[in-house]
$ cat work.pdb   # PDB, C-alpha atoms
ATOM      1  CA  MET U   1      29.983  18.609  -9.069
ATOM      2  CA  ASP U   2      29.892  16.678  -5.816
ATOM      3  CA  ALA U   3      28.684  19.772  -3.995
ATOM      4  CA  ARG U   4      25.838  20.105  -6.461
ATOM      5  CA  ARG U   5      24.864  16.491  -5.932
ATOM      6  CA  GLU U   6      24.565  17.038  -2.197
ATOM      7  CA  THR U   7      21.980  19.742  -2.697
ATOM      8  CA  GLU U   8      19.853  17.592  -5.007
ATOM      9  CA  PRO U   9      16.717  16.206  -3.419
ATOM     10  CA  LYS U  10      16.694  12.578  -2.380
ATOM     11  CA  ASN U  11      15.365  10.146  -4.985
ATOM     12  CA  ARG U  12      11.707   9.449  -4.308
ATOM     13  CA  THR U  13      10.193   6.058  -3.657
ATOM     14  CA  THR U  14       6.695   5.697  -5.109
ATOM     15  CA  VAL U  15       4.130   2.967  -4.520
ATOM     16  CA  GLU U  16       0.983   2.554  -6.533
ATOM     17  CA  ARG U  17      -1.750  -0.045  -6.780
ATOM     18  CA  LYS U  18      -1.780  -0.091 -10.572
ATOM     19  CA  THR U  19      -4.699  -2.485 -10.943
ATOM     20  CA  GLU U  20      -6.758  -4.765  -8.724
ATOM     21  CA  ARG U  21      -3.954  -7.346  -8.769
ATOM     22  CA  GLU U  22      -0.810  -5.236  -9.190
ATOM     23  CA  LEU U  23       1.364  -3.218  -6.885
ATOM     24  CA  VAL U  24       4.278  -1.180  -8.266
ATOM     25  CA  VAL U  25       7.224   0.350  -6.408
ATOM     26  CA  THR U  26       9.684   2.666  -8.207
ATOM     27  CA  ARG U  27      12.942   4.329  -7.217
ATOM     28  CA  THR U  28      15.913   5.831  -9.080
ATOM     29  CA  PHE U  29      19.520   5.171  -8.019
ATOM     30  CA  ASP U  30      22.504   7.322  -8.908
ATOM     31  CA  ALA U  31      24.514   4.390 -10.219
ATOM     32  CA  PRO U  32      24.718   2.103 -13.244
ATOM     33  CA  ALA U  33      22.365  -0.900 -13.372
ATOM     34  CA  ARG U  34      25.171  -3.423 -12.915
ATOM     35  CA  ILE U  35      25.967  -1.957  -9.488
ATOM     36  CA  VAL U  36      22.361  -1.887  -8.286
ATOM     37  CA  PHE U  37      21.862  -5.416  -9.612
ATOM     38  CA  GLU U  38      24.977  -6.595  -7.788
ATOM     39  CA  ALA U  39      23.804  -5.043  -4.504
ATOM     40  CA  TRP U  40      20.484  -6.819  -4.940
ATOM     41  CA  THR U  41      21.762 -10.267  -5.844
ATOM     42  CA  LYS U  42      24.893 -10.771  -3.719
ATOM     43  CA  PRO U  43      23.752 -12.047  -0.296
ATOM     44  CA  GLU U  44      26.534 -10.282   1.638
ATOM     45  CA  LEU U  45      25.493  -6.935   0.082
ATOM     46  CA  PHE U  46      21.750  -7.654   0.154
ATOM     47  CA  LYS U  47      21.912  -8.316   3.915
ATOM     48  CA  ARG U  48      23.189  -4.806   4.494
ATOM     49  CA  TRP U  49      20.121  -3.013   3.148
ATOM     50  CA  TRP U  50      17.098  -5.357   3.012
ATOM     51  CA  VAL U  51      16.378  -4.993   6.709
ATOM     52  CA  PRO U  52      16.469  -1.290   7.574
ATOM     53  CA  LYS U  53      18.022  -0.665  10.970
ATOM     54  CA  SER U  54      15.140   1.559  12.025
ATOM     55  CA  TYR U  55      12.787  -1.438  11.807
ATOM     56  CA  GLY U  56      14.560  -3.376  14.547
ATOM     57  CA  LEU U  57      14.622  -6.588  12.539
ATOM     58  CA  THR U  58      17.581  -8.943  12.316
ATOM     59  CA  LEU U  59      18.204 -11.011   9.243
ATOM     60  CA  LEU U  60      19.257 -14.354  10.745
ATOM     61  CA  SER U  61      20.037 -15.954   7.427
ATOM     62  CA  CYS U  62      19.846 -15.135   3.759
ATOM     63  CA  ASP U  63      20.320 -17.858   1.175
ATOM     64  CA  LYS U  64      20.019 -16.925  -2.468
ATOM     65  CA  ASP U  65      20.724 -19.133  -5.432
ATOM     66  CA  VAL U  66      20.237 -16.422  -8.023
ATOM     67  CA  ARG U  67      19.627 -18.351 -11.248
ATOM     68  CA  VAL U  68      16.529 -19.555 -13.058
ATOM     69  CA  GLY U  69      14.902 -22.237 -10.876
ATOM     70  CA  GLY U  70      17.190 -21.387  -7.934
ATOM     71  CA  LYS U  71      15.683 -20.923  -4.469
ATOM     72  CA  TYR U  72      15.959 -18.219  -1.847
ATOM     73  CA  ARG U  73      15.113 -18.207   1.843
ATOM     74  CA  LEU U  74      15.214 -15.275   4.265
ATOM     75  CA  VAL U  75      14.845 -15.704   8.012
ATOM     76  CA  TYR U  76      14.235 -12.711  10.277
ATOM     77  CA  SER U  77      13.936 -12.237  13.979
ATOM     78  CA  HIS U  78      12.581  -9.392  16.034
ATOM     79  CA  PRO U  79      12.787  -8.890  19.816
ATOM     80  CA  THR U  80       8.972  -8.936  20.064
ATOM     81  CA  ALA U  81       8.354 -11.983  17.866
ATOM     82  CA  ALA U  82       8.377 -15.393  19.549
ATOM     83  CA  ASN U  83       9.474 -17.274  16.445
ATOM     84  CA  PRO U  84      11.645 -16.310  13.509
ATOM     85  CA  MET U  85       9.779 -15.402  10.321
ATOM     86  CA  GLU U  86      10.606 -17.030   7.027
ATOM     87  CA  PHE U  87      10.190 -15.831   3.469
ATOM     88  CA  PHE U  88      11.028 -18.079   0.564
ATOM     89  CA  GLY U  89      10.460 -18.844  -3.106
ATOM     90  CA  ARG U  90      12.082 -19.553  -6.458
ATOM     91  CA  TYR U  91      13.626 -17.446  -9.208
ATOM     92  CA  LEU U  92      11.660 -17.639 -12.456
ATOM     93  CA  ASP U  93      13.930 -15.339 -14.441
ATOM     94  CA  VAL U  94      17.401 -13.949 -13.887
ATOM     95  CA  THR U  95      18.725 -11.620 -16.595
ATOM     96  CA  PRO U  96      21.931 -10.021 -15.305
ATOM     97  CA  HIS U  97      21.751  -6.271 -14.738
ATOM     98  CA  SER U  98      18.215  -5.908 -16.057
ATOM     99  CA  ARG U  99      15.577  -8.287 -14.689
ATOM    100  CA  LEU U 100      14.756 -10.567 -11.754
ATOM    101  CA  VAL U 101      11.526 -12.529 -11.300
ATOM    102  CA  TRP U 102      10.712 -14.607  -8.235
ATOM    103  CA  THR U 103       7.821 -16.293  -6.474
ATOM    104  CA  ASN U 104       6.755 -15.650  -2.873
ATOM    105  CA  GLU U 105       5.690 -18.984  -1.437
ATOM    106  CA  GLU U 106       5.599 -18.512   2.345
ATOM    107  CA  ALA U 107       1.858 -17.812   2.197
ATOM    108  CA  GLY U 108       1.019 -20.814   0.003
ATOM    109  CA  ASP U 109      -0.931 -20.313  -3.224
ATOM    110  CA  GLY U 110      -1.917 -16.730  -2.477
ATOM    111  CA  GLY U 111       1.627 -15.440  -2.965
ATOM    112  CA  GLN U 112       2.504 -12.807  -5.515
ATOM    113  CA  VAL U 113       5.064 -13.021  -8.306
ATOM    114  CA  THR U 114       7.637 -10.234  -8.057
ATOM    115  CA  THR U 115       9.384  -8.766 -11.091
ATOM    116  CA  VAL U 116      12.181  -6.257 -10.617
ATOM    117  CA  THR U 117      13.578  -4.423 -13.626
ATOM    118  CA  PHE U 118      16.695  -2.250 -13.629
ATOM    119  CA  LYS U 119      16.707   0.316 -16.428
ATOM    120  CA  GLU U 120      19.832   2.400 -16.901
ATOM    121  CA  THR U 121      19.704   5.880 -18.445
ATOM    122  CA  GLY U 122      22.625   8.303 -18.366
ATOM    123  CA  GLY U 123      24.417   6.471 -15.551
ATOM    124  CA  LYS U 124      21.279   6.350 -13.354
ATOM    125  CA  THR U 125      19.094   3.311 -12.801
ATOM    126  CA  LEU U 126      15.328   3.281 -12.591
ATOM    127  CA  LEU U 127      14.251   0.339 -10.484
ATOM    128  CA  VAL U 128      10.669  -0.877 -10.914
ATOM    129  CA  MET U 129       9.384  -3.592  -8.605
ATOM    130  CA  HIS U 130       6.126  -5.100  -9.763
ATOM    131  CA  ASP U 131       4.071  -7.507  -7.626
ATOM    132  CA  LEU U 132       1.399  -9.487  -9.435
ATOM    133  CA  TYR U 133      -1.099 -11.176  -7.106
ATOM    134  CA  PRO U 134      -3.106 -14.228  -8.219
ATOM    135  CA  SER U 135      -6.394 -12.394  -7.621
ATOM    136  CA  LYS U 136      -7.890  -9.117  -6.454
ATOM    137  CA  GLU U 137      -8.851 -10.894  -3.222
ATOM    138  CA  ALA U 138      -5.246 -11.929  -2.555
ATOM    139  CA  LEU U 139      -3.992  -8.332  -2.752
ATOM    140  CA  ASP U 140      -7.005  -7.056  -0.778
ATOM    141  CA  GLU U 141      -6.204  -9.617   1.913
ATOM    142  CA  THR U 142      -2.566  -8.578   2.076
ATOM    143  CA  ILE U 143      -3.643  -4.971   2.563
ATOM    144  CA  ALA U 144      -6.378  -5.869   5.048
ATOM    145  CA  SER U 145      -3.939  -7.942   7.110
ATOM    146  CA  GLY U 146      -2.008  -4.734   7.634
ATOM    147  CA  GLY U 147       1.358  -6.414   7.121
ATOM    148  CA  THR U 148       3.836  -4.833   4.771
ATOM    149  CA  GLY U 149       6.447  -7.575   4.831
ATOM    150  CA  GLY U 150       4.232 -10.372   3.599
ATOM    151  CA  THR U 151       0.921 -11.979   4.421
ATOM    152  CA  SER U 152       2.048 -13.400   7.750
ATOM    153  CA  GLU U 153       0.047 -12.279  10.765
ATOM    154  CA  THR U 154       3.119 -11.993  12.937
ATOM    155  CA  PHE U 155       4.499  -9.480  10.533
ATOM    156  CA  ALA U 156       1.252  -7.543  10.532
ATOM    157  CA  GLN U 157       1.384  -7.239  14.310
ATOM    158  CA  LEU U 158       4.993  -6.321  14.112
ATOM    159  CA  ASP U 159       4.257  -3.596  11.599
ATOM    160  CA  GLU U 160       1.601  -2.162  13.873
ATOM    161  CA  LEU U 161       4.098  -2.083  16.689
ATOM    162  CA  LEU U 162       6.769  -0.484  14.562
ATOM    163  CA  VAL U 163       4.391   2.215  13.445
ATOM    164  CA  THR U 164       3.555   2.924  17.075
ATOM    165  CA  LEU U 165       7.190   3.036  18.059
ATOM    166  CA  GLY U 166       8.136   5.132  15.062
ATOM    167  CA  ALA U 167       5.287   7.617  15.476
TER     168      ALA U 167
ATOM    169  CA  MET V   1     -17.990  12.660  22.348
ATOM    170  CA  LEU V   2     -18.145  16.067  20.709
ATOM    171  CA  ASN V   3     -21.533  17.470  19.830
ATOM    172  CA  CYS V   4     -22.235  18.604  16.293
ATOM    173  CA  ASP V   5     -21.338  22.250  16.833
ATOM    174  CA  GLU V   6     -18.050  21.416  18.513
ATOM    175  CA  ARG V   7     -17.227  18.985  15.772
ATOM    176  CA  MET V   8     -18.044  21.569  13.132
ATOM    177  CA  GLN V   9     -15.665  24.036  14.791
ATOM    178  CA  LYS V  10     -13.004  21.382  14.724
ATOM    179  CA  PHE V  11     -13.906  20.554  11.143
ATOM    180  CA  ASP V  12     -13.582  24.188  10.094
ATOM    181  CA  ALA V  13     -10.144  24.356  11.710
ATOM    182  CA  ASP V  14      -8.858  21.079  10.319
ATOM    183  CA  PRO V  15     -11.216  19.606   7.717
ATOM    184  CA  TRP V  16      -9.017  16.711   6.649
ATOM    185  CA  ASN V  17      -8.506  15.232  10.073
ATOM    186  CA  THR V  18     -11.955  15.583  11.542
ATOM    187  CA  PRO V  19     -14.134  12.501  11.241
ATOM    188  CA  LEU V  20     -17.666  13.345  10.281
ATOM    189  CA  VAL V  21     -20.968  11.515  10.096
ATOM    190  CA  ARG V  22     -19.745   8.203  11.493
ATOM    191  CA  GLU V  23     -19.492   9.715  14.925
ATOM    192  CA  CYS V  24     -22.341  12.176  14.631
ATOM    193  CA  GLU V  25     -24.974  11.906  17.326
ATOM    194  CA  CYS V  26     -27.263  14.425  15.729
ATOM    195  CA  SER V  27     -30.939  13.494  15.953
ATOM    196  CA  SER V  28     -31.787  14.590  12.411
ATOM    197  CA  PRO V  29     -28.815  13.732  10.209
ATOM    198  CA  LEU V  30     -30.528  14.848   7.034
ATOM    199  CA  ALA V  31     -30.691  18.418   8.339
ATOM    200  CA  CYS V  32     -27.240  18.302   9.866
ATOM    201  CA  ARG V  33     -24.488  20.510   8.472
ATOM    202  CA  GLN V  34     -22.129  17.613   8.903
ATOM    203  CA  SER V  35     -23.960  15.508   6.373
ATOM    204  CA  VAL V  36     -23.504  18.203   3.786
ATOM    205  CA  CYS V  37     -19.832  18.550   4.640
ATOM    206  CA  TYR V  38     -19.478  14.814   4.572
ATOM    207  CA  ILE V  39     -20.827  14.621   1.058
ATOM    208  CA  LEU V  40     -18.766  17.615  -0.033
ATOM    209  CA  ASN V  41     -15.715  15.974   1.464
ATOM    210  CA  TYR V  42     -16.393  12.878  -0.564
ATOM    211  CA  MET V  43     -16.750  14.896  -3.716
ATOM    212  CA  VAL V  44     -13.473  16.697  -3.163
ATOM    213  CA  GLN V  45     -11.683  13.415  -2.577
ATOM    214  CA  TYR V  46     -13.031  11.951  -5.752
ATOM    215  CA  ILE V  47     -12.375  14.890  -8.028
ATOM    216  CA  ARG V  48      -9.297  13.285  -9.492
ATOM    217  CA  THR V  49     -10.390   9.678  -9.810
ATOM    218  CA  GLY V  50     -14.080   9.288 -10.143
ATOM    219  CA  PHE V  51     -15.656  12.665 -10.140
ATOM    220  CA  ASP V  52     -18.314  12.007 -12.730
ATOM    221  CA  ALA V  53     -19.336   8.692 -11.220
ATOM    222  CA  SER V  54     -19.437  10.174  -7.716
ATOM    223  CA  PHE V  55     -21.393  13.163  -8.842
ATOM    224  CA  ALA V  56     -23.971  11.040 -10.611
ATOM    225  CA  ALA V  57     -24.192   8.782  -7.574
ATOM    226  CA  LEU V  58     -24.725  11.722  -5.244
ATOM    227  CA  SER V  59     -27.300  13.411  -7.463
ATOM    228  CA  ASP V  60     -30.025  11.149  -6.121
ATOM    229  CA  ALA V  61     -31.714  11.745  -2.754
ATOM    230  CA  THR V  62     -32.192   8.043  -2.015
ATOM    231  CA  ARG V  63     -28.537   7.320  -2.638
ATOM    232  CA  ARG V  64     -27.491  10.192  -0.371
ATOM    233  CA  GLY V  65     -29.808   8.702   2.241
ATOM    234  CA  VAL V  66     -28.202   5.278   1.777
ATOM    235  CA  LEU V  67     -24.759   6.826   2.325
ATOM    236  CA  GLU V  68     -25.937   8.447   5.529
ATOM    237  CA  GLN V  69     -27.488   5.210   6.681
ATOM    238  CA  LEU V  70     -24.272   3.314   6.004
ATOM    239  CA  GLY V  71     -22.359   6.050   7.799
ATOM    240  CA  ARG V  72     -24.151   4.929  10.938
ATOM    241  CA  ALA V  73     -23.948   1.177  10.434
ATOM    242  CA  ASP V  74     -23.329  -1.448   7.779
ATOM    243  CA  ALA V  75     -26.564  -2.819   6.337
ATOM    244  CA  SER V  76     -27.808  -5.540   4.011
ATOM    245  CA  ILE V  77     -29.590  -4.657   0.778
ATOM    246  CA  THR V  78     -32.791  -6.066   2.313
ATOM    247  CA  ASP V  79     -32.451  -3.730   5.331
ATOM    248  CA  LEU V  80     -31.889  -0.766   3.050
ATOM    249  CA  ALA V  81     -34.822  -1.673   0.787
ATOM    250  CA  GLU V  82     -37.121  -1.834   3.823
ATOM    251  CA  LYS V  83     -35.831   1.396   5.295
ATOM    252  CA  PHE V  84     -36.337   3.293   2.053
ATOM    253  CA  HIS V  85     -39.613   1.539   1.187
ATOM    254  CA  MET V  86     -38.281   0.123  -2.039
ATOM    255  CA  THR V  87     -38.187  -3.156  -3.875
ATOM    256  CA  LEU V  88     -35.052  -5.250  -3.544
ATOM    257  CA  THR V  89     -34.349  -4.766  -7.248
ATOM    258  CA  GLY V  90     -34.631  -0.985  -6.943
ATOM    259  CA  MET V  91     -32.258  -0.878  -3.989
ATOM    260  CA  LYS V  92     -29.797  -3.199  -5.745
ATOM    261  CA  LYS V  93     -29.608  -0.668  -8.585
ATOM    262  CA  HIS V  94     -28.927   2.238  -6.238
ATOM    263  CA  VAL V  95     -26.255   0.294  -4.367
ATOM    264  CA  GLY V  96     -24.749  -0.705  -7.706
ATOM    265  CA  VAL V  97     -24.373   2.960  -8.705
ATOM    266  CA  LEU V  98     -22.772   3.825  -5.340
ATOM    267  CA  GLU V  99     -20.465   0.822  -5.619
ATOM    268  CA  GLN V 100     -19.369   1.783  -9.136
ATOM    269  CA  ALA V 101     -18.501   5.241  -7.870
ATOM    270  CA  GLY V 102     -16.367   3.678  -5.130
ATOM    271  CA  LEU V 103     -18.529   5.200  -2.396
ATOM    272  CA  VAL V 104     -19.829   1.866  -1.127
ATOM    273  CA  THR V 105     -18.397  -1.631  -1.016
ATOM    274  CA  THR V 106     -20.466  -4.782  -0.755
ATOM    275  CA  GLU V 107     -19.600  -8.250   0.418
ATOM    276  CA  LYS V 108     -21.712 -11.371   0.104
ATOM    277  CA  ILE V 109     -21.647 -13.638   3.127
ATOM    278  CA  GLY V 110     -23.906 -16.666   2.711
ATOM    279  CA  ARG V 111     -27.088 -15.341   1.175
ATOM    280  CA  VAL V 112     -26.800 -11.829   2.536
ATOM    281  CA  ARG V 113     -25.048  -8.989   0.737
ATOM    282  CA  THR V 114     -23.749  -6.470   3.259
ATOM    283  CA  CYS V 115     -23.038  -2.882   2.231
ATOM    284  CA  LYS V 116     -20.551  -0.578   3.879
ATOM    285  CA  LEU V 117     -19.103   2.821   3.170
ATOM    286  CA  GLY V 118     -16.281   2.556   0.687
ATOM    287  CA  LEU V 119     -14.247   5.339   2.195
ATOM    288  CA  ARG V 120     -13.062   3.324   5.151
ATOM    289  CA  ARG V 121     -11.517   0.664   2.980
ATOM    290  CA  LEU V 122      -9.948   3.265   0.730
ATOM    291  CA  GLU V 123      -8.512   5.036   3.740
ATOM    292  CA  GLU V 124      -7.124   1.771   5.063
ATOM    293  CA  GLU V 125      -5.615   1.007   1.695
ATOM    294  CA  ALA V 126      -4.034   4.461   1.449
ATOM    295  CA  ALA V 127      -2.573   4.067   4.940
ATOM    296  CA  TRP V 128      -1.198   0.627   4.109
ATOM    297  CA  ILE V 129       0.328   1.881   0.863
ATOM    298  CA  GLU V 130       2.030   4.707   2.754
ATOM    299  CA  ARG V 131       3.450   2.296   5.335
ATOM    300  CA  TYR V 132       4.610  -0.022   2.565
ATOM    301  CA  ARG V 133       6.202   2.965   0.818
ATOM    302  CA  ARG V 134       8.028   3.950   3.996
ATOM    303  CA  LEU V 135       9.410   0.422   4.393
ATOM    304  CA  TRP V 136      10.769   0.477   0.847
ATOM    305  CA  ASP V 137      12.014   4.021   1.204
ATOM    306  CA  ALA V 138      13.997   2.984   4.293
ATOM    307  CA  ARG V 139      15.347  -0.072   2.470
ATOM    308  CA  PHE V 140      16.337   1.972  -0.552
ATOM    309  CA  ASP V 141      18.103   4.573   1.590
ATOM    310  CA  GLU V 142      20.287   1.761   2.913
ATOM    311  CA  LEU V 143      20.705   0.414  -0.614
ATOM    312  CA  ASP V 144      21.915   3.884  -1.675
ATOM    313  CA  LYS V 145      24.786   3.544   0.806
ATOM    314  CA  VAL V 146      25.786   0.109  -0.496
ATOM    315  CA  VAL V 147      25.551   1.317  -4.095
ATOM    316  CA  GLU V 148      27.636   4.421  -3.345
ATOM    317  CA  GLU V 149      30.310   2.272  -1.732
ATOM    318  CA  LEU V 150      30.432  -0.060  -4.747
ATOM    319  CA  LYS V 151      30.679   2.953  -7.041
ATOM    320  CA  GLN V 152      33.626   4.350  -5.077
ATOM    321  CA  LYS V 153      35.335   0.955  -5.109
ATOM    322  CA  GLU V 154      34.863   0.679  -8.853
ATOM    323  CA  LYS V 155      36.294   4.181  -9.328
ATOM    324  CA  SER V 156      39.420   3.551  -7.256
ATOM    325  CA  TYR V 157      39.860   0.160  -8.921
ATOM    326  CA  GLY V 158      39.615   1.897 -12.317
ATOM    327  CA  ARG V 159      42.247   4.443 -11.247
ATOM    328  CA  LYS V 160      44.577   1.688 -10.050
ATOM    329  CA  LYS V 161      44.183  -0.105 -13.361
ATOM    330  CA  ARG V 162      45.105   3.042 -15.277
ATOM    331  CA  ASP V 163      48.102   3.748 -13.021
TER     332      ASP V 163
END
$ encode --input "work.pdb" --output "structure tokens"
Amino acid sequence: MDARRETEPKNRTTVERKTERELVVTRTFDAPARIVFEAWTKPELFKRWWVPKSYGLTLLSCDKDVRVGGKYRLVYSHPTAANPMEFFGRYLDVTPHSRLVWTNEEAGDGGQVTTVTFKETGGKTLLVMHDLYPSKEALDETIASGGTGGTSETFAQLDELLVTLGA
Amino acid sequence: MLNCDERMQKFDADPWNTPLVRECECSSPLACRQSVCYILNYMVQYIRTGFDASFAALSDATRRGVLEQLGRADASITDLAEKFHMTLTGMKKHVGVLEQAGLVTTEKIGRVRTCKLGLRRLEEEAAWIERYRRLWDARFDELDKVVEELKQKEKSYGRKKRD
């Protein structure tokens, strides 16, 4: 059975701009929802995957108070960035093993609200990450800035650089 | 800069990666093969999403002319109305049809509404979405490893419990 699993294609990550204000990312994991949820919410596990090694970023700190009203703050550094970059917000909903909702406040009022749902079927988990922007303009701006890690300009430049290095 | 014939050879060899009218230096764009290919290219791209709207938009000679004009440079509705000897209201309608079809985008700055080809923004958006997808794909590949490890731990813990 394990041999068969190795020959199966990798689970695909999809991204779609569903509407003018919504961006949706999906991915399936070969594990029950409680495991995926745990890897997402426990800082020591989260740190291991949130910043992919190939992107050259270092997660300097990761504070998460995963409960309704609790705050989170992520601080990254990159060899080419003069100052560390911060991302922070609050949890609006925390339903163990099935749903997380948080705000993204580093960009001020233009930040999106992120909802992640974990749906388990037959031992696999479909993860859907949904970003709702306050307006069409806010999402357009995020895209126009070029940054994929947030609306910060530093990150946009960084992304450009990473694409160049990776290409 | 390639001349039209060279560009067409390149286009024939690799149609999806050869930029067309924007860089065309042809003296009579309306007679240029590139313009036709450009419009055909548009149509092919829109088959899935807005074929009917695009087709209707492209069925009018003035609107095809507006697309060509915008392929050379962004322009205000007033500029376009003058160029095509039309009233402002008439040009607004044409631009509206092109905008609905996603072929043109407009932006109002002060009292002037500037029109530009829609394709560029769509291309930029598609490129951004792909980069964003790659970031998440890389993250999720790492998450797979963490998840697999937790699964193994849970399994061996379950075995220990049974033992």
$ interface_residues --input "work.pdb" --of "chain V" --to "chain U" --cutoff "12 Å" --atoms "all atoms listed in the file" --output "JSON, numbers by chain"
{"V": [107, 120, 121, 122, 123, 124, 125, 126, 127, 128, 129, 130, 131, 132, 133, 134, 135, 136, 137, 138, 139, 140, 141, 142, 143, 144, 145, 146, 147, 148, 149, 150, 151, 152, 153, 154, 155]}
$ atom_distance --input "work.pdb" --atom1 "atom CA of Glu137 of chain U" --atom2 "atom CA of Gly111 of chain U"
11.4 Å
$ axis_aligned_box --input "work.pdb" --around "segment 115-120 of chain U" --padding-each-side "5 Å" --output "AutoDock Vina command-line options"
--center_x 14.6 --center_y -3.2 --center_z -13.8 --size_x 20.4 --size_y 21.2 --size_z 16.3
$ atom_distance --input "work.pdb" --atom1 "atom CA of Ile109 of chain V" --atom2 "atom CA of Ala73 of chain V"
16.7 Å
$ atom_distance --input "work.pdb" --atom1 "atom CA of Trp102 of chain U" --atom2 "atom CA of Val66 of chain U"
9.7 Å
$ residues_around --input "work.pdb" --residues "segment 113-115 of chain U" --least-positions-apart "6" --cutoff "9 Å" --atoms "all atoms listed in the file" --output "list of chain:residue names"
U:Asp93, U:Arg99, U:Leu100, U:Val101, U:Trp102, U:Thr103, U:Asn104, U:Val128, U:Met129, U:His130, U:Asp131, U:Leu132, U:Tyr133, U:Pro134
$ residues_around --input "work.pdb" --residues "Val66 of chain V" --least-positions-apart "2" --cutoff "9 Å" --atoms "only C-alpha atoms" --output "ChimeraX atom specification"
/V:61-64,68-71,80,84,94-95
$ residues_around --input "work.pdb" --residues "His78 of chain U" --least-positions-apart "3" --cutoff "7 Å" --atoms "all atoms listed in the file" --output "PyMOL selection string"
chain U and resi 56-58+81
$ residues_near_point --input "work.pdb" --point "(12.4, -12.1, 14.9)" --cutoff "10 Å" --atoms "all atoms listed in the file" --output "list in words"
Gly56, Leu57, Thr58, Leu59, Leu60, Val75, Tyr76, Ser77, His78, Pro79, Thr80, Ala81, Ala82, Asn83, Pro84, Met85, Glu86, Thr154, Phe155 and Leu158 of chain U
$ decode --input "work.pdb" --residues "segment 74-85 of chain V" --atoms "N, CA and C atoms" --output "compact mmCIF listing (two decimals), in the first residue's frame"
# COMPACT_ATOMS: atom_id res chain seq x y z
N ASP V 74 -1.98 54.27 -24.06
CA ASP V 74 -3.20 54.54 -23.32
C ASP V 74 -3.79 55.85 -23.82
N ALA V 75 -5.11 56.00 -23.71
CA ALA V 75 -5.73 57.23 -24.21
C ALA V 75 -6.96 57.55 -23.39
N SER V 76 -7.31 58.84 -23.34
CA SER V 76 -8.54 59.23 -22.64
C SER V 76 -9.70 59.05 -23.61
N ILE V 77 -10.92 59.04 -23.07
CA ILE V 77 -12.10 58.89 -23.92
C ILE V 77 -12.18 60.08 -24.89
N THR V 78 -11.81 61.27 -24.41
CA THR V 78 -11.81 62.46 -25.26
C THR V 78 -10.86 62.27 -26.45
N ASP V 79 -9.64 61.80 -26.17
CA ASP V 79 -8.67 61.53 -27.25
C ASP V 79 -9.28 60.59 -28.28
N LEU V 80 -9.86 59.51 -27.78
CA LEU V 80 -10.40 58.48 -28.67
C LEU V 80 -11.55 59.05 -29.50
N ALA V 81 -12.42 59.83 -28.86
CA ALA V 81 -13.56 60.42 -29.56
C ALA V 81 -13.07 61.30 -30.71
N GLU V 82 -12.03 62.09 -30.43
CA GLU V 82 -11.47 62.97 -31.47
C GLU V 82 -10.89 62.15 -32.61
N LYS V 83 -10.10 61.15 -32.23
CA LYS V 83 -9.41 60.34 -33.23
C LYS V 83 -10.39 59.64 -34.18
N PHE V 84 -11.51 59.20 -33.61
CA PHE V 84 -12.47 58.45 -34.41
C PHE V 84 -13.66 59.32 -34.86
N HIS V 85 -13.48 60.63 -34.73
CA HIS V 85 -14.50 61.60 -35.15
C HIS V 85 -15.87 61.23 -34.61
